[in-house]
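Trainee: Contents of protein-v3.cif (mmCIF, C-alpha atoms) are below:
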data_target
loop_
_atom_site.label_atom_id
_atom_site.label_comp_id
_atom_site.auth_asym_id
_atom_site.auth_seq_id
_atom_site.Cartn_x
_atom_site.Cartn_y
_atom_site.Cartn_z
CA MET A 27 -76.26 129.95 -131.94
CA ALA A 28 -77.37 126.72 -130.28
CA LEU A 29 -76.54 123.41 -131.89
CA THR A 30 -79.34 121.75 -133.83
CA PHE A 31 -79.64 117.99 -133.81
CA PRO A 32 -79.09 115.77 -135.66
CA LEU A 33 -75.50 116.82 -136.30
CA SER A 34 -73.71 116.02 -139.53
CA LEU A 35 -70.49 114.05 -139.20
CA PRO A 36 -67.23 115.44 -140.61
CA THR A 37 -66.47 114.75 -144.26
CA VAL A 38 -62.71 114.58 -143.64
CA ARG A 39 -60.96 111.27 -143.13
CA GLY A 40 -63.45 108.99 -141.44
CA THR A 41 -63.69 105.67 -139.70
CA SER A 42 -61.37 102.75 -140.37
CA GLU A 43 -63.89 100.07 -139.44
CA ILE A 44 -67.69 100.02 -139.34
CA THR A 45 -69.95 97.31 -137.98
CA LEU A 46 -73.67 97.70 -138.67
CA HIS A 47 -75.73 95.41 -136.44
CA ARG A 48 -79.36 94.34 -136.95
CA HIS A 49 -80.94 93.98 -133.52
CA ASN A 50 -84.20 92.02 -133.28
CA VAL A 51 -86.11 91.36 -130.07
CA VAL A 52 -87.20 87.75 -130.45
CA GLY A 53 -88.03 85.37 -127.63
CA ALA A 54 -87.17 81.68 -127.94
CA SER A 55 -87.79 78.60 -125.82
CA TYR A 56 -86.81 74.97 -126.35
CA SER A 57 -87.99 71.70 -124.86
CA GLY A 58 -85.48 70.11 -122.52
CA THR A 59 -86.39 66.65 -123.85
CA SER A 60 -87.34 66.86 -127.53
CA LEU A 61 -85.37 70.05 -128.20
CA ALA A 62 -88.33 71.30 -130.22
CA GLY A 63 -88.53 75.06 -130.05
CA GLN A 64 -90.75 78.02 -130.66
CA THR A 65 -90.09 81.70 -131.18
CA TYR A 66 -92.02 84.90 -130.59
CA ARG A 67 -91.39 88.17 -132.38
CA TRP A 68 -91.88 90.98 -129.89
CA GLY A 69 -91.55 93.49 -132.71
CA GLY A 70 -88.61 95.52 -131.45
CA ASN A 71 -85.83 96.09 -133.99
CA ARG A 72 -83.20 98.72 -134.64
CA TRP A 73 -79.88 99.49 -136.29
CA GLU A 74 -76.81 99.43 -134.05
CA LEU A 75 -73.45 100.84 -135.06
CA SER A 76 -69.84 100.32 -133.97
CA LEU A 77 -67.23 102.82 -135.18
CA VAL A 78 -63.45 102.41 -135.07
CA PHE A 79 -61.25 105.39 -135.93
CA PRO A 80 -57.76 105.47 -137.48
CA LYS A 81 -54.96 107.65 -136.20
CA MET A 82 -55.51 111.12 -137.63
CA ALA A 83 -53.67 114.38 -137.99
CA ARG A 84 -54.95 116.95 -135.51
CA ALA A 85 -56.64 118.97 -138.29
CA HIS A 86 -58.88 115.99 -139.05
CA GLY A 87 -59.18 114.47 -135.60
CA ALA A 88 -60.21 117.76 -134.01
CA GLN A 89 -63.28 117.95 -136.26
CA TRP A 90 -64.42 114.51 -135.15
CA ASP A 91 -63.58 115.38 -131.56
CA ALA A 92 -65.76 118.50 -131.67
CA VAL A 93 -68.81 116.71 -133.11
CA LEU A 94 -68.57 113.76 -130.73
CA THR A 95 -68.09 116.09 -127.76
CA ALA A 96 -71.12 118.14 -128.82
CA LEU A 97 -73.33 115.04 -128.63
CA GLU A 98 -72.82 114.89 -124.84
CA GLY A 99 -73.09 111.12 -124.81
CA PRO A 100 -76.59 109.86 -125.68
CA HIS A 101 -78.18 113.31 -125.31
CA GLY A 102 -77.62 114.48 -128.90
CA SER A 103 -78.09 112.74 -132.22
CA PHE A 104 -76.26 112.51 -135.53
CA LEU A 105 -77.03 111.58 -139.11
CA TRP A 106 -75.18 108.56 -140.52
CA GLY A 107 -75.46 106.43 -143.63
CA PRO A 108 -73.47 103.35 -144.70
CA PRO A 109 -70.77 104.47 -147.15
CA ARG A 110 -71.10 101.34 -149.33
CA TYR A 111 -74.87 101.73 -149.81
CA THR A 112 -75.04 105.20 -151.33
CA ALA A 113 -76.69 104.00 -154.56
CA PRO A 114 -79.54 101.49 -155.04
CA LEU A 115 -79.05 98.06 -156.56
CA GLY A 116 -80.86 97.48 -159.84
CA THR A 117 -81.82 99.76 -162.72
CA VAL A 118 -84.22 102.25 -161.19
CA GLY A 119 -85.45 105.75 -161.87
CA GLY A 120 -88.34 108.13 -161.51
CA SER A 121 -89.64 109.48 -158.22
CA PRO A 122 -90.99 106.51 -156.27
CA VAL A 123 -93.45 107.11 -153.45
CA CYS A 124 -95.22 104.87 -150.98
CA THR A 125 -98.86 104.75 -150.07
CA SER A 126 -100.03 105.30 -146.51
CA ALA A 127 -98.85 102.62 -144.09
CA ALA A 128 -99.36 101.96 -140.41
CA ASP A 129 -96.77 102.25 -137.67
CA ARG A 130 -94.57 99.11 -137.41
CA ALA A 131 -95.52 97.92 -140.91
CA GLN A 132 -92.85 95.97 -142.80
CA THR A 133 -94.60 95.91 -146.17
CA ILE A 134 -95.16 99.15 -148.11
CA ALA A 135 -96.93 99.58 -151.45
CA VAL A 136 -94.80 101.66 -153.84
CA SER A 137 -95.42 103.37 -157.18
CA GLY A 138 -94.24 106.28 -159.29
CA GLY A 139 -90.80 104.93 -160.14
CA THR A 140 -89.32 102.78 -162.89
CA GLY A 141 -87.30 99.58 -162.93
CA THR A 142 -86.71 96.98 -160.24
CA LEU A 143 -85.12 97.79 -156.89
CA LEU A 144 -83.10 94.75 -155.86
CA ARG A 145 -83.02 93.21 -152.42
CA GLY A 146 -80.11 94.34 -150.28
CA SER A 147 -80.61 97.97 -151.29
CA MET A 148 -80.95 100.63 -148.61
CA VAL A 149 -83.54 103.41 -148.79
CA SER A 150 -84.62 106.26 -146.55
CA ILE A 151 -88.08 107.55 -145.71
CA GLY A 152 -88.75 110.81 -143.90
CA SER A 153 -86.65 113.90 -143.19
CA GLY A 154 -85.13 115.73 -140.24
CA LEU A 155 -85.58 113.92 -136.93
CA ALA A 156 -88.03 111.55 -138.65
CA ARG A 157 -85.50 110.30 -141.23
CA ARG A 158 -85.17 106.51 -141.11
CA MET A 159 -83.21 103.92 -143.05
CA TYR A 160 -84.52 100.58 -144.29
CA MET A 161 -83.08 97.55 -146.04
CA VAL A 162 -85.10 96.14 -148.94
CA LEU A 163 -85.61 92.41 -148.35
CA ALA A 164 -87.01 91.33 -151.73
CA ASP A 165 -86.87 92.64 -155.31
CA VAL A 166 -89.68 95.11 -156.00
CA SER A 167 -90.99 96.95 -159.05
CA LEU A 168 -91.00 100.69 -158.35
CA ALA A 169 -93.74 101.16 -160.94
CA GLY A 170 -96.08 99.30 -158.62
CA GLY A 171 -95.34 96.62 -156.05
CA ASN A 172 -94.98 95.78 -152.38
CA MET A 173 -91.65 96.63 -150.78
CA GLU A 174 -90.60 94.40 -147.90
CA ILE A 175 -88.37 96.30 -145.46
CA TRP A 176 -86.36 95.94 -142.27
CA PRO A 177 -86.64 97.39 -139.66
CA SER A 178 -90.35 98.09 -139.27
CA LEU A 179 -91.69 101.59 -139.91
CA ARG A 180 -90.99 104.06 -137.13
CA GLY A 181 -94.42 105.64 -137.36
CA ALA A 182 -97.38 105.83 -139.70
CA ILE A 183 -96.61 107.45 -143.06
CA ALA A 184 -98.91 109.44 -145.31
CA SER A 185 -99.76 108.60 -148.89
CA SER A 186 -97.29 109.87 -151.53
CA THR A 187 -94.38 109.91 -149.07
CA ALA A 188 -91.13 109.99 -151.05
CA ILE A 189 -88.69 107.08 -151.02
CA VAL A 190 -85.07 108.27 -151.02
CA LEU A 191 -82.98 105.91 -153.14
CA ASN A 192 -79.59 107.65 -153.03
CA GLY A 193 -77.56 108.36 -149.93
CA PRO A 194 -79.80 106.61 -147.38
CA SER A 195 -79.20 107.61 -143.77
CA CYS A 196 -80.68 107.45 -140.31
CA ILE A 197 -80.62 109.25 -136.97
CA PHE A 198 -78.34 107.68 -134.36
CA GLN A 199 -77.41 108.44 -130.76
CA LEU A 200 -74.38 107.28 -128.80
CA ALA A 201 -75.15 104.31 -126.60
CA PRO A 202 -75.24 105.06 -122.85
CA GLY A 203 -71.85 104.21 -121.42
CA SER A 204 -70.09 104.76 -124.75
CA LYS A 205 -67.54 107.29 -123.53
CA HIS A 206 -65.87 109.62 -126.00
CA ALA A 207 -62.16 110.11 -125.33
CA THR A 208 -59.06 111.08 -127.29
CA LYS A 209 -55.32 110.54 -126.91
CA GLU A 210 -52.20 111.30 -128.92
CA ASP A 211 -49.21 109.20 -129.88
CA THR A 212 -45.62 110.43 -129.83
CA ALA A 213 -45.96 111.69 -133.41
CA GLY A 214 -48.84 113.96 -132.42
CA ARG A 215 -51.50 111.93 -134.22
CA MET A 216 -54.91 111.93 -132.57
CA MET A 217 -56.62 108.70 -131.61
CA ILE A 218 -60.34 108.51 -130.83
CA ASN A 219 -61.61 105.55 -128.84
CA PRO A 220 -64.10 103.20 -130.58
CA LEU A 221 -67.75 104.13 -130.10
CA THR A 222 -71.08 102.35 -130.11
CA ALA A 223 -74.30 103.98 -131.26
CA TRP A 224 -77.81 102.89 -132.03
CA GLU A 225 -80.82 104.13 -133.92
CA ASP A 226 -82.40 107.05 -132.08
CA LEU A 227 -86.01 106.02 -131.46
CA ARG A 228 -86.90 108.86 -129.06
#
Would you mind giving the structure from this file in structure tokens?

Mentor:
Amino acid sequence: MALTFPLSLPTVRGTSEITLHRHNVVGASYSGTSLAGQTYRWGGNRWELSLVFPKMARAHGAQWDAVLTALEGPHGSFLWGPPRYTAPLGTVGGSPVCTSAADRAQTIAVSGGTGTLLRGSMVSIGSGLARRMYMVLADVSLAGGNMEIWPSLRGAIASSTAIVLNGPSCIFQLAPGSKHATKEDTAGRMMINPLTAWEDLR
């Protein structure tokens, strides 16, 4: 049976270090005399991810090796979510949804939930290859309010689209040039080279 992307990462021993970058495409220019400046938001933004792996027993390392090999560099995709953001901040409940919103929007009207979702929380919208992850930038009432998010929406969404509060995740692909390789130490422990990935916007 052919592999279906996005792949799920192994649940055995994972990464030893994670860096989650926020990449914004913003132009800036400054006067050579007054030093006064101006900026321009081009609108491009995405998550970028750096993964560092610990030494692992072969039973664990081989599972990571198989998944990373199956990606064939940037060709495939995988589902990843930040391990420290699995639950929302604040006292929230219900089944929050968002109203229709245009592609690239960064403000979404929400309703259907209870409590206040605090800024710094992560949420997901969409499923399958359309699953995206957003950071909440300001406190918002889930019973009815405007949710400010980063990055911008990855496509228009329909009314009553569910907001996933627990276990947010996103689709990533390995960055071109991020070569997957393994080696072993004298004790037979597997070492996987650090990898860079970014949000898959294909």

Trainee: Residues picked by the PyMOL selection byres ((chain A and resi 95-108) around 8) here, as a list in words?

Mentor: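 Output from the PyMOL selection byres ((chain A and resi 95-108) around 8), applied to this file: Phe31, Pro32, Leu33, Ser34, Leu35, Asp91, Ala92, Val93, Leu94, Pro109, Arg110, Tyr111, Thr112, Gly193, Pro194, Ser195, Cys196, Ile197, Phe198, Gln199, Leu200, Ala201, Pro202, Gly203, Ser204, Lys205, His206 and Asp226 of chain A.
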
Trainee: Write the residues of the preceding selection, restricted to C-alpha atoms, as a compact mmCIF listing (two decimals), in the frame of the given file.

Mentor:
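Below is the file out06.txt, written as the result:
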# COMPACT_ATOMS: atom_id res chain seq x y z
CA PHE A 31 -79.64 117.99 -133.81
CA PRO A 32 -79.09 115.77 -135.66
CA LEU A 33 -75.50 116.82 -136.30
CA SER A 34 -73.71 116.02 -139.53
CA LEU A 35 -70.49 114.05 -139.20
CA ASP A 91 -63.58 115.38 -131.56
CA ALA A 92 -65.76 118.50 -131.67
CA VAL A 93 -68.81 116.71 -133.11
CA LEU A 94 -68.57 113.76 -130.73
CA PRO A 109 -70.77 104.47 -147.15
CA ARG A 110 -71.10 101.34 -149.33
CA TYR A 111 -74.87 101.73 -149.81
CA THR A 112 -75.04 105.20 -151.33
CA GLY A 193 -77.56 108.36 -149.93
CA PRO A 194 -79.80 106.61 -147.38
CA SER A 195 -79.20 107.61 -143.77
CA CYS A 196 -80.68 107.45 -140.31
CA ILE A 197 -80.62 109.25 -136.97
CA PHE A 198 -78.34 107.68 -134.36
CA GLN A 199 -77.41 108.44 -130.76
CA LEU A 200 -74.38 107.28 -128.80
CA ALA A 201 -75.15 104.31 -126.60
CA PRO A 202 -75.24 105.06 -122.85
CA GLY A 203 -71.85 104.21 -121.42
CA SER A 204 -70.09 104.76 -124.75
CA LYS A 205 -67.54 107.29 -123.53
CA HIS A 206 -65.87 109.62 -126.00
CA ASP A 226 -82.40 107.05 -132.08

Trainee: Work out how far CA of Ala28 in chain A is from CA of Ile218 in chain A, in Å to one decimal.

Mentor: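 If I compute the distance from CA of Ile218 in chain A to CA of Ala28 in chain A, I get 24.9 Å.
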
Trainee: For the interface of range 63-142 of chain A with range 38-59 of chain A (cut-off 12 Å, counting all atoms listed in the file), please tabulate each contacting residue of range 63-142 of chain A alongside its nearest pair of atoms and their separation in Å to one decimal, rows sorted by chain and increasing number, as CSV.

Mentor:
residue,atom,partner,partner_atom,distance
A:Gly63,CA,A:Tyr56,CA,4.1
A:Gln64,CA,A:Ser55,CA,5.7
A:Thr65,CA,A:Ala54,CA,4.4
A:Tyr66,CA,A:Gly53,CA,5.0
A:Arg67,CA,A:Val52,CA,4.6
A:Trp68,CA,A:Val52,CA,5.7
A:Gly69,CA,A:Val51,CA,6.4
A:Gly70,CA,A:Val51,CA,5.0
A:Asn71,CA,A:Asn50,CA,4.4
A:Arg72,CA,A:His49,CA,5.4
A:Trp73,CA,A:Arg48,CA,5.2
A:Glu74,CA,A:His47,CA,4.8
A:Leu75,CA,A:Leu46,CA,4.8
A:Ser76,CA,A:Thr45,CA,5.0
A:Leu77,CA,A:Ile44,CA,5.0
A:Val78,CA,A:Glu43,CA,5.0
A:Phe79,CA,A:Thr41,CA,4.5
A:Pro80,CA,A:Ser42,CA,5.4
A:Lys81,CA,A:Ser42,CA,9.1
A:Met82,CA,A:Arg39,CA,7.7
A:Ala83,CA,A:Arg39,CA,9.4
A:Arg84,CA,A:Arg39,CA,11.2
A:Ala85,CA,A:Val38,CA,9.2
A:His86,CA,A:Val38,CA,6.1
A:Gly87,CA,A:Arg39,CA,8.4
A:Ala88,CA,A:Val38,CA,10.4
A:Gln89,CA,A:Val38,CA,8.1
A:Trp90,CA,A:Gly40,CA,8.4
A:Asp91,CA,A:Gly40,CA,11.8
A:Trp106,CA,A:Leu46,CA,11.1
A:Gly107,CA,A:Leu46,CA,10.2
A:Pro108,CA,A:Leu46,CA,8.3
A:Pro109,CA,A:Ile44,CA,9.5
A:Arg110,CA,A:Ile44,CA,10.6
A:Tyr111,CA,A:Leu46,CA,11.9

Trainee: Could you work out how far CA of Leu221 in chain A lies from CA of Leu191 in chain A, giving the answer in Å with one decimal?

Mentor: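 Taking CA of Leu191 in chain A as the start and CA of Leu221 in chain A as the end point, the length is 27.7 Å.
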
Trainee: Rounded to one decimal place, report the CA of Thr140 in chain A-CA of Ser126 in chain A distance in Å.

Mentor: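 Rounded to one decimal, the two atoms are 19.7 Å apart.
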
Trainee: Can you translate the PyMOL selection byres ((chain A and resi 156) around 10) into the concrete residues it hits in this file, as a PyMOL selection string?

Mentor: chain A and resi 151-155+157-158+180-181+196-197+226-227

Trainee: Could you list, as a list in words, every residue matched by the PyMOL selection byres ((chain A and resi 166) around 8) in this structure?

Mentor: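 The output of the PyMOL selection byres ((chain A and resi 166) around 8) on this file is Thr142, Leu143, Leu144, Arg145, Ala164, Asp165, Ser167, Leu168, Gly171, Asn172 and Met173 of chain A.
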
Trainee: Taking 5 positions as the minimum chain separation for residues in the same chain, which residues sit within 9 Å of Ala188 in chain A when counting all atoms listed in the file? Answer as a PyMOL selection string.

Mentor: chain A and resi 121-124+150-152

Trainee: Restricting the calculation to only C-alpha atoms: of A:Gln132, A:Ala213, A:Met148, A:Ala169, which residue gets closest to Gly120 in chain A?

Mentor: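 When distances to Gly120 in chain A are compared using only C-alpha atoms, the smallest one comes from A:Ala169.
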
Trainee: Kindly indicate which residue among A:Ala62, A:Met159, A:Met216, A:Ile134 lies nearest to Ala182 in chain A, using only C-alpha atoms for the distances.

Mentor: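 Ranked by minimum distance to Ala182 in chain A, first place goes to A:Ile134.
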
Trainee: Which residues, written as a list in words, have at least one atom at most 7 Å from Leu163 in chain A, with only C-alpha atoms counted and residues fewer than 5 positions away on the same chain left out?

Mentor: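 Answer for this query is Arg145, Gly146, Glu174 and Ile175 of chain A.
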
Trainee: Draw an axis-aligned box over all listed atoms of range 91-101 of chain A, pad each side with 6 Å, and write its centre and edge lengths in Å, one decimal, as AutoDock Vina command-line options.

Mentor:
--center_x -70.9 --center_y 114.2 --center_z -129.0 --size_x 26.6 --size_y 20.6 --size_z 20.3
